[in-house]
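Below is one structure, written out as structure tokens; comments come after it.
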Amino acid sequence: MTDDVEPGSIGQGEPLKGAHLTVTSKSFTESLIMGAMMGIALQAAGADVVDRTGIQGSIGGREAIRSGDADAMYEYTGTAWITYQGNDKPIADPHKQWEAVRDADRGQGVAWLPPAALNNTYALAMNEANFKKYGTKTLSDVAALAKRDPGAVTLCVESEFANRADGLPGMEKAYGMKIPAKNVTQMDTGIIYTQTEKGKCTFGEVFTTDGRIKSMHLVVMDDDRHFFPNYNAAPVINAQTLKQWPAITKVLDPVTAKLTNAVAQELNAKVDVDGEDPHQVALDWMKKEGFVK
């Protein structure tokens with residue numbers, strides 16, 4: 001990375017001067033933005049940073065951190081708990097979920113720094129017209145509506161969500177919903193958002209930090225029984241790297257603390273809706289927040 005940045009509220013005194021660090025990320029928008037934020041923060045603190053963001057899939061970035069081929073990335077607690085660590089029951093409390101993931105990874109050469117409020121998990125959303133019509137605010141409300149007026153609850157979902165235990169079948173079980181198969185249409189992710197916006201289905205499966213939620217004025221239902229796993233973003237660092245450069249924690253903590261679902265929706269929309277470059281979006285935000293100059 002060759003950003004011409006200086007310390008703002010982070011990186012004072014350049015505590016990482018002399019460090020050669022490699023930052024990685026997954027290939028989707030939010031991960032690319034957070035990877036760029038991380039790299040920019042480390043540069044401001046004096047490190048030379050190699051950009052290896054955009055690795056396909058989840059496993060590649062994870063293995064790069066474990067092996068030391070990369071030093072740092074943002075990962076999601078739910079992905080680690082379920083995909084890497086092989087658990088099938090999520091932990092409802094987000095902080096306890098993070099603690100469990102952190103503790104399980106101690107022997108894997110992977111260190112977890114404190115998590116963000118940003119929680120990129122599943123949700124159901126509806127357009128404003130349907131929200132005014134039905135007034136549902138929670139998934140319990142949706143379950144009550146399905147019982148009272150079965151035809152009112154139609155769903156647009158991905159095929160994976162339709163069949164996963166942490167998707168539709170589990171959600172129906174957790175909330176006591178019974179949605180007839182004829183009321184569920186499976187489709188690609190992008191189409192779900194447009195169909196939900198148009199009201200072709202009452203509820204669409206969304207990801208809680210997706211920029212299209214804001215741009216399409218969709219209303220997200222609260223998961224009031226905490227069924228869906230927590231996918232809080234947190235920096236993961238190669239354990240040896242963190243031991244050598246402990247100041248990484250002080251540099252990244254303030255950035256992570258500012259990451260919320262609202263921030264993620266806004267920044268993701270700049271890329272996915274407005275067509276901006278993820279790295280530039282990250283740099284503009286880092287400067288706006290005063291982290292770097």
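Note on naming: chains are A, B, ... as they come in the structure tokens, residues start from 1 per chain, ligands start from 1 in the order shown.
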Can you pull out the residues contacting A:Thr189? Cut-off 12 Å, using only C-alpha atoms, and skip same-chain residues under 5 positions away; I want them as a ChimeraX atom specification. /A:122,156-161,194-196,204-207,210,212
Serialized selection, N, CA, C and O atoms, as a short mmCIF file (atom, residue, chain, number, x, y, z; two decimals), in the first residue's frame:
data_model
loop_
_atom_site.label_atom_id
_atom_site.label_comp_id
_atom_site.auth_asym_id
_atom_site.auth_seq_id
_atom_site.Cartn_x
_atom_site.Cartn_y
_atom_site.Cartn_z
N TYR A 122 -27.65 -12.63 9.05
CA TYR A 122 -28.90 -12.73 8.31
C TYR A 122 -30.00 -11.88 8.96
O TYR A 122 -30.00 -11.67 10.17
N CYS A 156 -38.61 -14.06 -0.18
CA CYS A 156 -37.59 -14.21 -1.22
C CYS A 156 -36.28 -14.53 -0.51
O CYS A 156 -35.82 -13.73 0.31
N VAL A 157 -35.69 -15.69 -0.81
CA VAL A 157 -34.48 -16.13 -0.10
C VAL A 157 -33.51 -16.81 -1.06
O VAL A 157 -33.89 -17.24 -2.14
N GLU A 158 -32.25 -16.89 -0.66
CA GLU A 158 -31.26 -17.68 -1.40
C GLU A 158 -31.52 -19.16 -1.15
O GLU A 158 -32.06 -19.53 -0.09
N SER A 159 -31.06 -20.01 -2.05
CA SER A 159 -31.26 -21.45 -1.87
C SER A 159 -30.51 -21.94 -0.63
O SER A 159 -31.00 -22.81 0.10
N GLU A 160 -29.34 -21.37 -0.36
CA GLU A 160 -28.56 -21.78 0.82
C GLU A 160 -29.33 -21.47 2.10
O GLU A 160 -29.45 -22.31 2.99
N PHE A 161 -29.88 -20.26 2.18
CA PHE A 161 -30.65 -19.86 3.35
C PHE A 161 -31.89 -20.73 3.53
O PHE A 161 -32.29 -21.06 4.65
N THR A 194 -33.99 -6.30 -5.01
CA THR A 194 -34.87 -5.56 -5.92
C THR A 194 -36.31 -6.05 -5.82
O THR A 194 -37.24 -5.25 -5.85
N GLN A 195 -36.51 -7.36 -5.65
CA GLN A 195 -37.86 -7.90 -5.53
C GLN A 195 -38.53 -7.45 -4.24
O GLN A 195 -39.73 -7.18 -4.19
N THR A 196 -37.73 -7.38 -3.18
CA THR A 196 -38.25 -6.91 -1.89
C THR A 196 -38.61 -5.42 -1.97
O THR A 196 -39.64 -4.99 -1.47
N GLY A 204 -37.72 -10.18 2.41
CA GLY A 204 -36.56 -10.71 1.71
C GLY A 204 -35.45 -11.00 2.70
O GLY A 204 -35.30 -10.30 3.70
N GLU A 205 -34.68 -12.04 2.41
CA GLU A 205 -33.49 -12.36 3.22
C GLU A 205 -32.39 -11.36 2.86
O GLU A 205 -32.06 -11.21 1.68
N VAL A 206 -31.85 -10.68 3.86
CA VAL A 206 -30.79 -9.70 3.62
C VAL A 206 -29.64 -9.95 4.60
O VAL A 206 -29.77 -10.70 5.56
N PHE A 207 -28.52 -9.29 4.32
CA PHE A 207 -27.41 -9.24 5.28
C PHE A 207 -27.43 -7.86 5.93
O PHE A 207 -27.57 -6.84 5.24
N ASP A 210 -25.58 -4.71 4.52
CA ASP A 210 -25.60 -4.47 3.08
C ASP A 210 -26.04 -3.02 2.79
O ASP A 210 -27.03 -2.55 3.33
N ARG A 212 -27.46 -1.82 0.29
CA ARG A 212 -28.74 -1.69 -0.41
C ARG A 212 -29.92 -1.54 0.55
O ARG A 212 -30.97 -1.03 0.16
#
Neighbours of A:Asp71 within 12 Å (only C-alpha atoms; same-chain residues fewer than 6 positions away dropped), as a VMD selection string? chain A and resid 19 to 25 35 38 to 39 42 47 49 to 53 61 to 65 109 to 112 235 to 245 248
Using only C-alpha atoms, what table do you get, as JSON lines, when you list each residue of stretch 17-101 of chain A with an atom no more than 8 Å from stretch 266-280 of chain A, its nearest pair of atoms, and their distance in Å rounded to one decimal, rows by chain then rising number?
{"residue": "A:Thr29", "atom": "CA", "partner": "A:Asn268", "partner_atom": "CA", "distance": 6.4}
{"residue": "A:Glu30", "atom": "CA", "partner": "A:Asn268", "partner_atom": "CA", "distance": 6.0}
{"residue": "A:Leu32", "atom": "CA", "partner": "A:Pro278", "partner_atom": "CA", "distance": 6.2}
{"residue": "A:Ile33", "atom": "CA", "partner": "A:Pro278", "partner_atom": "CA", "distance": 5.1}
{"residue": "A:Ala36", "atom": "CA", "partner": "A:His279", "partner_atom": "CA", "distance": 5.4}
{"residue": "A:Met37", "atom": "CA", "partner": "A:His279", "partner_atom": "CA", "distance": 7.8}
Emit the selected residues as a PDB file, in the first residue's frame, including all heavy atoms.
ATOM      1  N   THR A  29     -17.205  -6.731  -0.815  1.00  0.00           N
ATOM      2  CA  THR A  29     -17.048  -5.286  -0.586  1.00  0.00           C
ATOM      3  C   THR A  29     -16.655  -4.933   0.837  1.00  0.00           C
ATOM      4  O   THR A  29     -15.665  -4.235   1.069  1.00  0.00           O
ATOM      5  CB  THR A  29     -18.352  -4.550  -0.959  1.00  0.00           C
ATOM      6  OG1 THR A  29     -18.583  -4.729  -2.354  1.00  0.00           O
ATOM      7  CG2 THR A  29     -18.270  -3.077  -0.645  1.00  0.00           C
ATOM      8  N   GLU A  30     -17.439  -5.381   1.802  1.00  0.00           N
ATOM      9  CA  GLU A  30     -17.198  -4.990   3.200  1.00  0.00           C
ATOM     10  C   GLU A  30     -15.812  -5.414   3.675  1.00  0.00           C
ATOM     11  O   GLU A  30     -15.107  -4.657   4.351  1.00  0.00           O
ATOM     12  CB  GLU A  30     -18.265  -5.619   4.086  1.00  0.00           C
ATOM     13  CG  GLU A  30     -18.163  -5.241   5.553  1.00  0.00           C
ATOM     14  CD  GLU A  30     -19.411  -5.693   6.288  1.00  0.00           C
ATOM     15  OE1 GLU A  30     -20.442  -5.025   6.131  1.00  0.00           O
ATOM     16  OE2 GLU A  30     -19.357  -6.736   6.967  1.00  0.00           O
ATOM     17  N   LEU A  32     -13.162  -5.962   1.780  1.00  0.00           N
ATOM     18  CA  LEU A  32     -12.166  -5.145   1.075  1.00  0.00           C
ATOM     19  C   LEU A  32     -12.012  -3.778   1.743  1.00  0.00           C
ATOM     20  O   LEU A  32     -10.894  -3.289   1.927  1.00  0.00           O
ATOM     21  CB  LEU A  32     -12.582  -4.951  -0.388  1.00  0.00           C
ATOM     22  CG  LEU A  32     -12.503  -6.183  -1.290  1.00  0.00           C
ATOM     23  CD1 LEU A  32     -13.218  -5.916  -2.606  1.00  0.00           C
ATOM     24  CD2 LEU A  32     -11.050  -6.591  -1.546  1.00  0.00           C
ATOM     25  N   ILE A  33     -13.139  -3.180   2.119  1.00  0.00           N
ATOM     26  CA  ILE A  33     -13.092  -1.861   2.782  1.00  0.00           C
ATOM     27  C   ILE A  33     -12.364  -1.969   4.120  1.00  0.00           C
ATOM     28  O   ILE A  33     -11.478  -1.156   4.429  1.00  0.00           O
ATOM     29  CB  ILE A  33     -14.519  -1.300   2.982  1.00  0.00           C
ATOM     30  CG1 ILE A  33     -15.152  -0.955   1.635  1.00  0.00           C
ATOM     31  CG2 ILE A  33     -14.481  -0.053   3.880  1.00  0.00           C
ATOM     32  CD1 ILE A  33     -16.638  -0.591   1.719  1.00  0.00           C
ATOM     33  N   ALA A  36      -8.645  -2.427   3.723  1.00  0.00           N
ATOM     34  CA  ALA A  36      -7.998  -1.156   3.381  1.00  0.00           C
ATOM     35  C   ALA A  36      -7.857  -0.261   4.611  1.00  0.00           C
ATOM     36  O   ALA A  36      -6.814   0.353   4.839  1.00  0.00           O
ATOM     37  CB  ALA A  36      -8.792  -0.445   2.287  1.00  0.00           C
ATOM     38  N   MET A  37      -8.911  -0.200   5.437  1.00  0.00           N
ATOM     39  CA  MET A  37      -8.840   0.589   6.684  1.00  0.00           C
ATOM     40  C   MET A  37      -7.662   0.131   7.543  1.00  0.00           C
ATOM     41  O   MET A  37      -6.901   0.939   8.084  1.00  0.00           O
ATOM     42  CB  MET A  37     -10.123   0.413   7.502  1.00  0.00           C
ATOM     43  CG  MET A  37     -11.341   1.093   6.958  1.00  0.00           C
ATOM     44  SD  MET A  37     -12.754   0.600   7.997  1.00  0.00           S
ATOM     45  CE  MET A  37     -14.081   1.458   7.153  1.00  0.00           C
TER      46      MET A  37
END
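Of all the residues in stretch 48-77 of chain A, the ones DSSP labels as alpha helix (DSSP H) from the backbone are Ile59, Gly60, Gly61, Arg62, Glu63, Ala64, Ile65, Arg66, Ser67 and Thr77 of chain A.
Atom CA of A:Met286 sits 15.8 Å away from atom CA of A:Gly46.
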So which residues touch stretch 252-264 of chain A within 8 Å, counting only C-alpha atoms, skipping near sequence neighbours fewer than 6 positions away, as a ChimeraX atom specification? /A:10,30,37-38,41-42,113-120,208-211,234-235,291
For the structure I just gave you, how does DSSP split stretch 185-275 of chain A - specifically, which residues are strand (DSSP E or B)? Reply as a CSV table (one decimal) with N, CA and C atoms, in the first residue's frame.
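Saved file states.csv follows:
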chain,number,residue,atom,x,y,z
A,185,THR,N,-39.9,-18.2,-2.4
A,185,THR,CA,-39.3,-18.2,-3.7
A,185,THR,C,-37.8,-18.1,-3.5
A,186,GLN,N,-37.0,-19.0,-4.1
A,186,GLN,CA,-35.6,-19.0,-4.1
A,186,GLN,C,-35.0,-18.2,-5.3
A,203,PHE,N,-41.2,-10.2,2.5
A,203,PHE,CA,-40.0,-10.2,3.2
A,203,PHE,C,-38.9,-10.8,2.4
A,204,GLY,N,-37.7,-10.2,2.4
A,204,GLY,CA,-36.6,-10.7,1.7
A,204,GLY,C,-35.4,-11.0,2.7
A,205,GLU,N,-34.7,-12.0,2.4
A,205,GLU,CA,-33.5,-12.4,3.2
A,205,GLU,C,-32.4,-11.4,2.9
A,206,VAL,N,-31.9,-10.7,3.9
A,206,VAL,CA,-30.8,-9.7,3.6
A,206,VAL,C,-29.6,-10.0,4.6
A,207,PHE,N,-28.5,-9.3,4.3
A,207,PHE,CA,-27.4,-9.2,5.3
A,207,PHE,C,-27.4,-7.9,5.9
A,219,VAL,N,-36.8,-2.0,5.6
A,219,VAL,CA,-36.9,-2.0,7.1
A,219,VAL,C,-36.6,-3.4,7.5
A,220,VAL,N,-35.6,-3.5,8.4
A,220,VAL,CA,-35.0,-4.8,8.9
A,220,VAL,C,-35.8,-5.2,10.2
A,222,ASP,N,-36.2,-7.1,13.6
A,222,ASP,CA,-35.3,-7.4,14.8
A,222,ASP,C,-35.4,-8.9,15.1
A,232,ASN,N,-19.8,-10.7,14.3
A,232,ASN,CA,-19.1,-9.4,14.6
A,232,ASN,C,-17.8,-9.4,13.9
A,233,ALA,N,-17.4,-8.3,13.3
A,233,ALA,CA,-16.1,-8.1,12.7
A,233,ALA,C,-15.0,-7.8,13.8
A,234,ALA,N,-13.9,-8.5,13.7
A,234,ALA,CA,-12.8,-8.2,14.7
A,234,ALA,C,-11.5,-8.4,13.9
A,235,PRO,N,-10.4,-7.7,14.3
A,235,PRO,CA,-9.1,-7.9,13.7
A,235,PRO,C,-8.5,-9.2,14.2
A,236,VAL,N,-8.0,-10.0,13.3
A,236,VAL,CA,-7.3,-11.2,13.7
A,236,VAL,C,-5.8,-11.0,13.2
A,237,ILE,N,-4.9,-11.3,14.1
A,237,ILE,CA,-3.5,-11.0,13.9
A,237,ILE,C,-2.7,-12.3,14.0
A,238,ASN,N,-1.7,-12.6,13.2
A,238,ASN,CA,-0.8,-13.7,13.4
A,238,ASN,C,-0.1,-13.5,14.8
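If only C-alpha atoms are the atoms counted, then among A:Val142, A:Tyr193, A:Ser31, A:Lys89 the closest residue to A:Ala282 is A:Ser31.
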Show me, as a PDB file with all heavy atoms, in the first residue's frame, the residues that have an atom within 7 Å of A:Asn230 when counting only C-alpha atoms, minus same-chain residues fewer than 3 positions from it.
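To be explicit, this is the file written out as selection-v4.pdb:
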ATOM      1  N   THR A  77     -16.745 -13.269  13.829  1.00  0.00           N
ATOM      2  CA  THR A  77     -16.764 -14.247  14.924  1.00  0.00           C
ATOM      3  C   THR A  77     -17.583 -15.483  14.562  1.00  0.00           C
ATOM      4  O   THR A  77     -17.178 -16.606  14.864  1.00  0.00           O
ATOM      5  CB  THR A  77     -17.332 -13.607  16.205  1.00  0.00           C
ATOM      6  OG1 THR A  77     -18.615 -13.030  15.918  1.00  0.00           O
ATOM      7  CG2 THR A  77     -16.403 -12.526  16.735  1.00  0.00           C
ATOM      8  N   GLY A  78     -18.735 -15.289  13.910  1.00  0.00           N
ATOM      9  CA  GLY A  78     -19.583 -16.429  13.552  1.00  0.00           C
ATOM     10  C   GLY A  78     -18.918 -17.358  12.558  1.00  0.00           C
ATOM     11  O   GLY A  78     -19.060 -18.580  12.641  1.00  0.00           O
ATOM     12  N   PRO A  94     -23.038 -11.649  21.975  1.00  0.00           N
ATOM     13  CA  PRO A  94     -21.961 -11.394  21.025  1.00  0.00           C
ATOM     14  C   PRO A  94     -20.574 -11.344  21.650  1.00  0.00           C
ATOM     15  O   PRO A  94     -19.602 -11.815  21.047  1.00  0.00           O
ATOM     16  CB  PRO A  94     -22.329 -10.045  20.394  1.00  0.00           C
ATOM     17  CG  PRO A  94     -23.438  -9.481  21.197  1.00  0.00           C
ATOM     18  CD  PRO A  94     -24.065 -10.598  21.961  1.00  0.00           C
ATOM     19  N   ASN A 119     -22.224  -6.182  12.911  1.00  0.00           N
ATOM     20  CA  ASN A 119     -22.640  -7.588  12.956  1.00  0.00           C
ATOM     21  C   ASN A 119     -23.322  -7.944  11.638  1.00  0.00           C
ATOM     22  O   ASN A 119     -24.491  -7.650  11.428  1.00  0.00           O
ATOM     23  CB  ASN A 119     -23.588  -7.818  14.142  1.00  0.00           C
ATOM     24  CG  ASN A 119     -24.088  -9.251  14.214  1.00  0.00           C
ATOM     25  OD1 ASN A 119     -23.478 -10.181  13.696  1.00  0.00           O
ATOM     26  ND2 ASN A 119     -25.227  -9.446  14.862  1.00  0.00           N
ATOM     27  N   THR A 121     -24.953 -10.277   9.829  1.00  0.00           N
ATOM     28  CA  THR A 121     -25.661 -11.555   9.911  1.00  0.00           C
ATOM     29  C   THR A 121     -26.929 -11.521   9.060  1.00  0.00           C
ATOM     30  O   THR A 121     -27.236 -10.523   8.402  1.00  0.00           O
ATOM     31  CB  THR A 121     -25.986 -11.897  11.386  1.00  0.00           C
ATOM     32  OG1 THR A 121     -26.434 -13.258  11.466  1.00  0.00           O
ATOM     33  CG2 THR A 121     -27.053 -10.982  11.968  1.00  0.00           C
TER      34      THR A 121
END
